[in-house]
Amino acid sequence: MNLLESRGLLIQEATELLANMELALLEIEEQGVNAERINEVFRAAHTIKGSSGLFGLDLIVSFTHVMESLLVRVRNQDIEIDSAMISLLFHCGDYLAAMIEGLAEENELQDPDPAQRHILLNDLKRYLTQDESTSKTIVRNDVIETSRAEFWQISMRLSQNILREGLDPVSFIYYLRGMGELVQVQLQFEQLPLLAEMESELCYLGFDIVLHANATQHEIQQALEFISDNNEITVKLAAVPEIVEKEPGNNVLEHSRENSSAVIASRNTAQKIKPEQSILKVDARKLDQLIDAVGELVIRSASGRHFSAGTNSASVREFMEEIGQYVEQIRERALNLRMAPINDVFQRFPRVVRDTANELHKKIELVINGADTEIDKSMLDKLGDPLMHILRNAMDHGIESVNDRRAAGKTEQGLIRLDAFHESGFVVIDIYDDGKGLDQQKILAKAIERGLVEKNSAFSEQEIFMLIFEAGFSTAEKVTDLSGRGVGMDVVRRNIEELRGNIEINSTLGEGTHFRIRLPLTLSIIDGFEVAVGNSHFVIPLEMIVECVDMPATSGEKNIVNLRGSVLPYIRLGQEFSLESALGKECRECLVVLQVGQQYAGIVVDRLIGELQAVIKPLNQMLRSIDGLAGSTILGDGSVALILDVAALLYKSKKMNVNLAA
Amino acid sequence: MNTPTLLNTAPLSFSAQGEKVQHLCIKGDMTIYQAAELKVYLLQQLAQADALDVDLSAVSEIDTTGLQLLIALKGNAKPVHFKNPSHSVDQLFSLLKLHDFFAINARVNDGSV
């Protein structure tokens, strides 16, 4: 492995670690501190420091070193983590991410933001120095869970004059409690005389204490240094009290316990490494090349079958059929290689929601379901922006302010739900919010004002909602930093359509909004259905097809057909692309019934040809401007067929109808 | 620095056993500065009654000497009952786990000072 490659690994590893750290911080913020989460944060800083050191990336090393020092103290419970520190660590993570990003782009590491670095380091150091002076006196009641903590037996036999010297033993016990947990405190007052005989300024008490703390003998002795003169103070490892279930330990036993815990620790890391080793990291480009080759193989296999169908040899046909099956398996597995959990996109949202909610002074909870749903990696990258935009819109315009919510009788905390799941060859992403919902009247009024639609035209609820995806549309009364500039929602739709997906909106005024995005599982190869108009061949994605029927002869002029009692709008493919039908008058056309989201529509074609696997090739420059085409593919006989973008096609024709109606 | 004052919060009362019970309330600090004086007061009160009922709600500060007095008071021949620990007394009892020893309940709401 050369240096460049391992640098790539460093960048990837650091990015993952930072993402984990962010997640852990969010969890700490929401659910409170536990050792594992702190460890996760610590591990990120520690590992990044370590691997950066190998490359001599001093800027990263020196920064993470300070972070690490602080986190060690937090882990040992010397310093308590608070919300300010969490925010600080978030910012440190951002700064590190910026550095790592810079590293990915250039060979030399440069400080992306020296001013920010200065501020962050100062803040980090403030915590560290603060600790020296104050944190030891923090009174802590919680039980220490760190495995390294020990039980210490502290015996204090005090000289009678200690009080007169101005020292109060009780204050030292308070101090000890700051170091850990006082498991046992026993007061020794055999020396105490009767009240009448007592010299009230002399000390008659002794203390036997068991302290459970993550501290060394030396540290404890140091803490008691002031009273060590003339007083008998002993500090030793305690026989573990019965209330805590651990084997008793003297020095020797302690040692073996240390060892055994080390063994456990290394076993844990071994377990952790194992699944990592079974994952092979492959350059994404190599994978793309493989998929391309598989695509060609699929096409050739289709050609082979096409030719073999023309021969009389049954064995050749059988043979080709068999090859076809294996090719299909290869295709499926190759595509599976590209699948990645959608969590790769979702994982950055909790942080975004947290920050945005703070910025907007709203209370918002984000719930994510189905983060392990898999989707083509190349789509993941393009999914981030549109999803982020919808999310921001929901936070900005959907979820109301705390006061408005209270007034509306809702819970103060708004809810945004992000669900992902598979449904018949598609990945569905739902984004719900329980905000104020979309106001149809307002949208319509705005659309008319902007000249997007004609006055007095009739719209369904769906159609009105879809208007927010028109370019230059924004209902927000106030432009904010986040959204509301009227750019965005149209970009969202375009992004989704570029992924051959579609988007739907449902909304109830006052109750919330629901966006549903449907995306194909993959971009490169689809199961298609081949149809023809005249001499032109088209491919329709198979998942969208509900059924194929003969075109009823009684259809009227209005592009609506009565299909078993229900109304089905349809378009003529020939008309859309100005093609001559090759059918004679006496031949029936075919109607392909499609489902796009919740809508049904028909496409009228001349002939149905059959199922095929289509390897999607991009359209050339000339065809790209035509709405309703998603790409092209090569058929078994070597000719070209166009793949229909059904959603865009129906959308286009519907818009034309709207214009006609007006 | 507050001088301790012992307040008889109620006149003598009699327990079911016919004991003379003296109710008192210790007010102010119970530190080394007041310890000698406080000891004399407590002895006086003890001499006058068969039992003591000591209200600790007005103790503003307590140190080892104050604690010793309380322990010695409890250990004397006559029964002494303690009640209503102030915040600082409660803190000390929590630290040294003395609530049981003094047969006294920890303060439930510990937010006050």
# chains A, B, ... in the order shown; residues from 1 in each chain; ligands from 1
>>> closest_atom_pairs(of="chain B", to="chain A", cutoff="10 Å", atoms="only C-alpha atoms", output="tab-separated table")
residue	atom	partner	partner_atom	distance
B:Thr31	CA	A:Glu201	CA	9.3
B:Ile32	CA	A:Glu201	CA	6.1
B:Tyr33	CA	A:Glu201	CA	8.6
B:Gln34	CA	A:Ser200	CA	9.2
B:Ala35	CA	A:Ser200	CA	5.7
B:Ala36	CA	A:Ser200	CA	5.5
B:Glu37	CA	A:Ser200	CA	9.0
B:Leu38	CA	A:Ser200	CA	9.0
B:Lys39	CA	A:Ser200	CA	7.1
B:Val40	CA	A:Ala196	CA	8.4
B:Leu42	CA	A:Leu195	CA	8.8
B:Leu43	CA	A:Ala196	CA	6.9
B:Ile62	CA	A:Val170	CA	9.7
B:Asp63	CA	A:Val170	CA	6.9
B:Thr64	CA	A:Val170	CA	6.2
B:Thr65	CA	A:Glu201	CA	6.4
B:Gly66	CA	A:Ser200	CA	8.6
B:Leu67	CA	A:Leu205	CA	9.5
B:Gln68	CA	A:Leu205	CA	7.5
B:Leu69	CA	A:Leu195	CA	7.1
B:Leu70	CA	A:Leu195	CA	9.2
B:Ile71	CA	A:Phe189	CA	8.5
B:Ala72	CA	A:Leu195	CA	5.2
B:Leu73	CA	A:Leu195	CA	6.3
B:Lys74	CA	A:Leu195	CA	9.3
B:Gly75	CA	A:Leu194	CA	7.5
B:Asn76	CA	A:Leu194	CA	6.6
B:Ala77	CA	A:Leu194	CA	9.4
B:Gln91	CA	A:Tyr174	CA	9.7
B:Leu92	CA	A:Val170	CA	8.0
B:Leu95	CA	A:Tyr174	CA	7.0
B:Leu96	CA	A:Val185	CA	5.6
B:Lys97	CA	A:Val185	CA	6.6
B:Leu98	CA	A:Leu187	CA	8.8
>>> select_by_dssp(residues="segment 166-396 of chain A", states="helix (DSSP H, G or I)", output="ChimeraX atom specification")
/A:169-179,195-197,217-223,225-227,251-277,284-310,314-337,343-346,349-360,377-396
>>> write_last_selection(atoms="C-alpha atoms", output="tab-separated table (two decimals), in the first residue's frame")
chain	number	residue	atom	x	y	z
A	169	PRO	CA	-11.20	16.98	59.23
A	170	VAL	CA	-14.76	17.08	57.91
A	171	SER	CA	-13.71	19.38	55.10
A	172	PHE	CA	-11.14	16.81	54.00
A	173	ILE	CA	-13.82	14.19	53.84
A	174	TYR	CA	-15.87	16.50	51.66
A	175	TYR	CA	-12.78	16.76	49.49
A	176	LEU	CA	-12.43	12.99	49.26
A	177	ARG	CA	-16.03	12.70	48.21
A	178	GLY	CA	-15.14	14.97	45.32
A	179	MET	CA	-12.71	12.32	44.10
A	195	LEU	CA	-20.07	15.83	77.53
A	196	ALA	CA	-19.18	17.29	80.90
A	197	GLU	CA	-15.59	16.20	80.64
A	217	GLN	CA	-2.68	6.06	46.30
A	218	HIS	CA	-0.39	8.99	45.76
A	219	GLU	CA	-3.23	11.25	44.65
A	220	ILE	CA	-5.23	10.44	47.74
A	221	GLN	CA	-2.27	10.93	50.02
A	222	GLN	CA	-1.65	14.25	48.38
A	223	ALA	CA	-5.22	15.25	48.99
A	225	GLU	CA	-1.25	16.13	52.80
A	226	PHE	CA	-2.30	19.04	54.97
A	227	ILE	CA	-3.38	16.84	57.81
A	251	ASN	CA	-2.06	-5.56	46.27
A	252	VAL	CA	-1.35	-8.83	44.55
A	253	LEU	CA	-4.94	-9.51	43.72
A	254	GLU	CA	-5.32	-6.02	42.43
A	255	HIS	CA	-2.53	-6.69	40.08
A	256	SER	CA	-4.07	-9.80	38.66
A	257	ARG	CA	-7.36	-8.02	38.33
A	258	GLU	CA	-5.64	-5.37	36.32
A	259	ASN	CA	-4.26	-8.07	34.09
A	260	SER	CA	-7.53	-9.81	33.64
A	261	SER	CA	-9.25	-6.60	32.72
A	262	ALA	CA	-6.52	-5.98	30.19
A	263	VAL	CA	-7.21	-9.40	28.72
A	264	ILE	CA	-10.88	-8.59	28.51
A	265	ALA	CA	-10.11	-5.31	26.87
A	266	SER	CA	-7.93	-6.88	24.22
A	267	ARG	CA	-10.53	-9.54	23.61
A	268	ASN	CA	-13.04	-6.80	23.04
A	269	THR	CA	-10.88	-5.11	20.49
A	270	ALA	CA	-10.29	-8.43	18.80
A	271	GLN	CA	-14.03	-8.86	18.48
A	272	LYS	CA	-14.33	-5.39	17.15
A	273	ILE	CA	-11.66	-5.87	14.57
A	274	LYS	CA	-13.08	-9.09	13.23
A	275	PRO	CA	-16.10	-7.70	11.41
A	276	GLU	CA	-13.92	-4.94	10.06
A	277	GLN	CA	-11.56	-7.44	8.56
A	284	ALA	CA	-15.62	3.02	-5.97
A	285	ARG	CA	-14.25	3.41	-9.47
A	286	LYS	CA	-13.41	-0.28	-9.71
A	287	LEU	CA	-16.94	-1.07	-8.73
A	288	ASP	CA	-18.31	1.24	-11.40
A	289	GLN	CA	-16.14	-0.47	-13.99
A	290	LEU	CA	-17.47	-3.84	-12.89
A	291	ILE	CA	-21.05	-2.65	-13.12
A	292	ASP	CA	-20.39	-1.24	-16.58
A	293	ALA	CA	-18.96	-4.55	-17.73
A	294	VAL	CA	-21.89	-6.42	-16.23
A	295	GLY	CA	-24.20	-4.05	-18.09
A	296	GLU	CA	-22.51	-4.92	-21.38
A	297	LEU	CA	-22.75	-8.59	-20.49
A	298	VAL	CA	-26.48	-8.22	-19.91
A	299	ILE	CA	-26.90	-6.63	-23.34
A	300	ARG	CA	-24.81	-9.31	-25.08
A	301	SER	CA	-26.68	-12.01	-23.29
A	302	ALA	CA	-29.92	-10.54	-24.54
A	303	SER	CA	-28.46	-10.48	-28.08
A	304	GLY	CA	-27.38	-14.07	-27.70
A	305	ARG	CA	-30.84	-15.11	-26.74
A	306	HIS	CA	-32.25	-13.11	-29.60
A	307	PHE	CA	-30.06	-14.92	-32.10
A	308	SER	CA	-30.50	-18.32	-30.55
A	309	ALA	CA	-34.24	-17.89	-30.83
A	310	GLY	CA	-33.72	-17.78	-34.57
A	314	ALA	CA	-32.86	-26.55	-29.03
A	315	SER	CA	-29.63	-27.18	-27.18
A	316	VAL	CA	-28.27	-23.77	-28.18
A	317	ARG	CA	-31.46	-22.12	-26.98
A	318	GLU	CA	-31.32	-24.02	-23.72
A	319	PHE	CA	-27.69	-23.10	-23.30
A	320	MET	CA	-28.36	-19.43	-23.89
A	321	GLU	CA	-31.25	-19.54	-21.46
A	322	GLU	CA	-28.93	-20.92	-18.79
A	323	ILE	CA	-26.33	-18.26	-19.44
A	324	GLY	CA	-29.09	-15.71	-19.21
A	325	GLN	CA	-29.99	-16.89	-15.73
A	326	TYR	CA	-26.42	-16.62	-14.51
A	327	VAL	CA	-26.05	-13.22	-16.06
A	328	GLU	CA	-29.09	-12.13	-14.15
A	329	GLN	CA	-27.57	-13.41	-10.92
A	330	ILE	CA	-24.34	-11.61	-11.64
A	331	ARG	CA	-26.23	-8.44	-12.35
A	332	GLU	CA	-28.14	-8.65	-9.11
A	333	ARG	CA	-25.04	-9.37	-7.03
A	334	ALA	CA	-22.98	-6.72	-8.74
A	335	LEU	CA	-25.68	-4.19	-8.05
A	336	ASN	CA	-25.88	-5.35	-4.47
A	337	LEU	CA	-22.22	-4.45	-4.05
A	343	ASN	CA	-28.08	5.87	7.21
A	344	ASP	CA	-25.01	7.31	5.49
A	345	VAL	CA	-27.22	10.23	4.57
A	346	PHE	CA	-29.50	10.18	7.58
A	349	PHE	CA	-29.49	15.00	10.18
A	350	PRO	CA	-29.70	14.74	13.98
A	351	ARG	CA	-26.93	17.31	14.23
A	352	VAL	CA	-28.56	19.56	11.65
A	353	VAL	CA	-31.89	19.38	13.44
A	354	ARG	CA	-30.24	20.12	16.76
A	355	ASP	CA	-28.37	23.16	15.44
A	356	THR	CA	-31.29	24.50	13.43
A	357	ALA	CA	-33.73	24.07	16.28
A	358	ASN	CA	-31.41	26.06	18.53
A	359	GLU	CA	-31.00	28.72	15.89
A	360	LEU	CA	-34.74	29.06	15.42
A	377	LYS	CA	-24.41	4.35	-3.20
A	378	SER	CA	-24.26	6.71	-6.12
A	379	MET	CA	-27.82	7.83	-5.37
A	380	LEU	CA	-27.02	8.36	-1.72
A	381	ASP	CA	-24.63	11.13	-2.54
A	382	LYS	CA	-27.26	12.96	-4.56
A	383	LEU	CA	-29.95	12.39	-1.99
A	384	GLY	CA	-28.36	14.40	0.77
A	385	ASP	CA	-29.13	17.86	-0.59
A	386	PRO	CA	-32.81	17.43	-1.44
A	387	LEU	CA	-33.51	15.66	1.84
A	388	MET	CA	-31.69	18.34	3.75
A	389	HIS	CA	-33.75	20.96	2.02
A	390	ILE	CA	-37.06	19.33	2.82
A	391	LEU	CA	-35.92	18.88	6.40
A	392	ARG	CA	-34.93	22.51	6.71
A	393	ASN	CA	-38.20	23.58	5.20
A	394	ALA	CA	-40.06	21.46	7.70
A	395	MET	CA	-38.11	22.99	10.58
A	396	ASP	CA	-38.30	26.52	9.28
>>> residues_around(residues="Ile368 of chain A", least_positions_apart="2", cutoff="9 Å", atoms="only C-alpha atoms", output="VMD selection string")
chain A and resid 346 350 366 370 to 371 416 to 420
>>> write_last_selection(atoms="N, CA and C atoms", output="short mmCIF file (atom, residue, chain, number, x, y, z; two decimals), in the first residue's frame")
data_model
loop_
_atom_site.label_atom_id
_atom_site.label_comp_id
_atom_site.auth_asym_id
_atom_site.auth_seq_id
_atom_site.Cartn_x
_atom_site.Cartn_y
_atom_site.Cartn_z
N PHE A 346 -28.68 9.79 6.44
CA PHE A 346 -29.50 10.18 7.58
C PHE A 346 -28.65 10.63 8.78
N PRO A 350 -29.46 14.37 12.57
CA PRO A 350 -29.70 14.74 13.98
C PRO A 350 -28.96 16.01 14.37
N LEU A 366 -36.23 14.70 16.31
CA LEU A 366 -36.12 13.98 15.05
C LEU A 366 -36.14 12.48 15.34
N GLY A 370 -35.81 2.96 9.94
CA GLY A 370 -35.37 2.30 8.70
C GLY A 370 -34.08 2.84 8.15
N ALA A 371 -33.18 3.25 9.04
CA ALA A 371 -31.90 3.81 8.58
C ALA A 371 -31.04 2.75 7.90
N ILE A 416 -40.30 15.62 13.89
CA ILE A 416 -40.04 15.33 12.49
C ILE A 416 -39.67 13.86 12.41
N ARG A 417 -40.35 13.16 11.52
CA ARG A 417 -40.06 11.72 11.41
C ARG A 417 -39.51 11.44 10.04
N LEU A 418 -38.47 10.64 10.01
CA LEU A 418 -37.82 10.29 8.77
C LEU A 418 -37.89 8.77 8.68
N ASP A 419 -38.68 8.27 7.73
CA ASP A 419 -38.81 6.82 7.58
C ASP A 419 -38.28 6.40 6.22
N ALA A 420 -37.59 5.29 6.19
CA ALA A 420 -37.16 4.75 4.90
C ALA A 420 -37.51 3.28 4.86
#
>>> residues_around(residues="segment 609-622 of chain A", least_positions_apart="3", cutoff="8 Å", atoms="only C-alpha atoms", output="list of chain:residue names")
A:Gly295, A:Glu296, A:Val298, A:Ile299, A:Leu523, A:Ser524, A:Ile525, A:Ile526, A:Asp527, A:Gly528, A:Phe529, A:Glu530, A:Val531, A:Ala532, A:Val539, A:Leu542, A:Ser625, A:Ala630, A:Gly631, A:Ser632, A:Thr633, A:Ile634, A:Leu635, A:Ile643
>>> select_by_dssp(residues="segment 165-387 of chain A", states="strand (DSSP E)", output="VMD selection string")
chain A and resid 180 to 188 206 to 213 232 to 237 339 to 341 363 to 369 374 to 376
>>> residues_around(residues="Asp90 of chain B", least_positions_apart="5", cutoff="8 Å", atoms="only C-alpha atoms", output="PyMOL selection string")
chain B and resi 85+106-107
>>> atom_distance(atom1="atom CA of Lys436 of chain A", atom2="atom CA of Ser507 of chain A")
9.0 Å
>>> residues_around(residues="Glu547 of chain A", least_positions_apart="4", cutoff="9 Å", atoms="only C-alpha atoms", output="ChimeraX atom specification")
/A:591-594
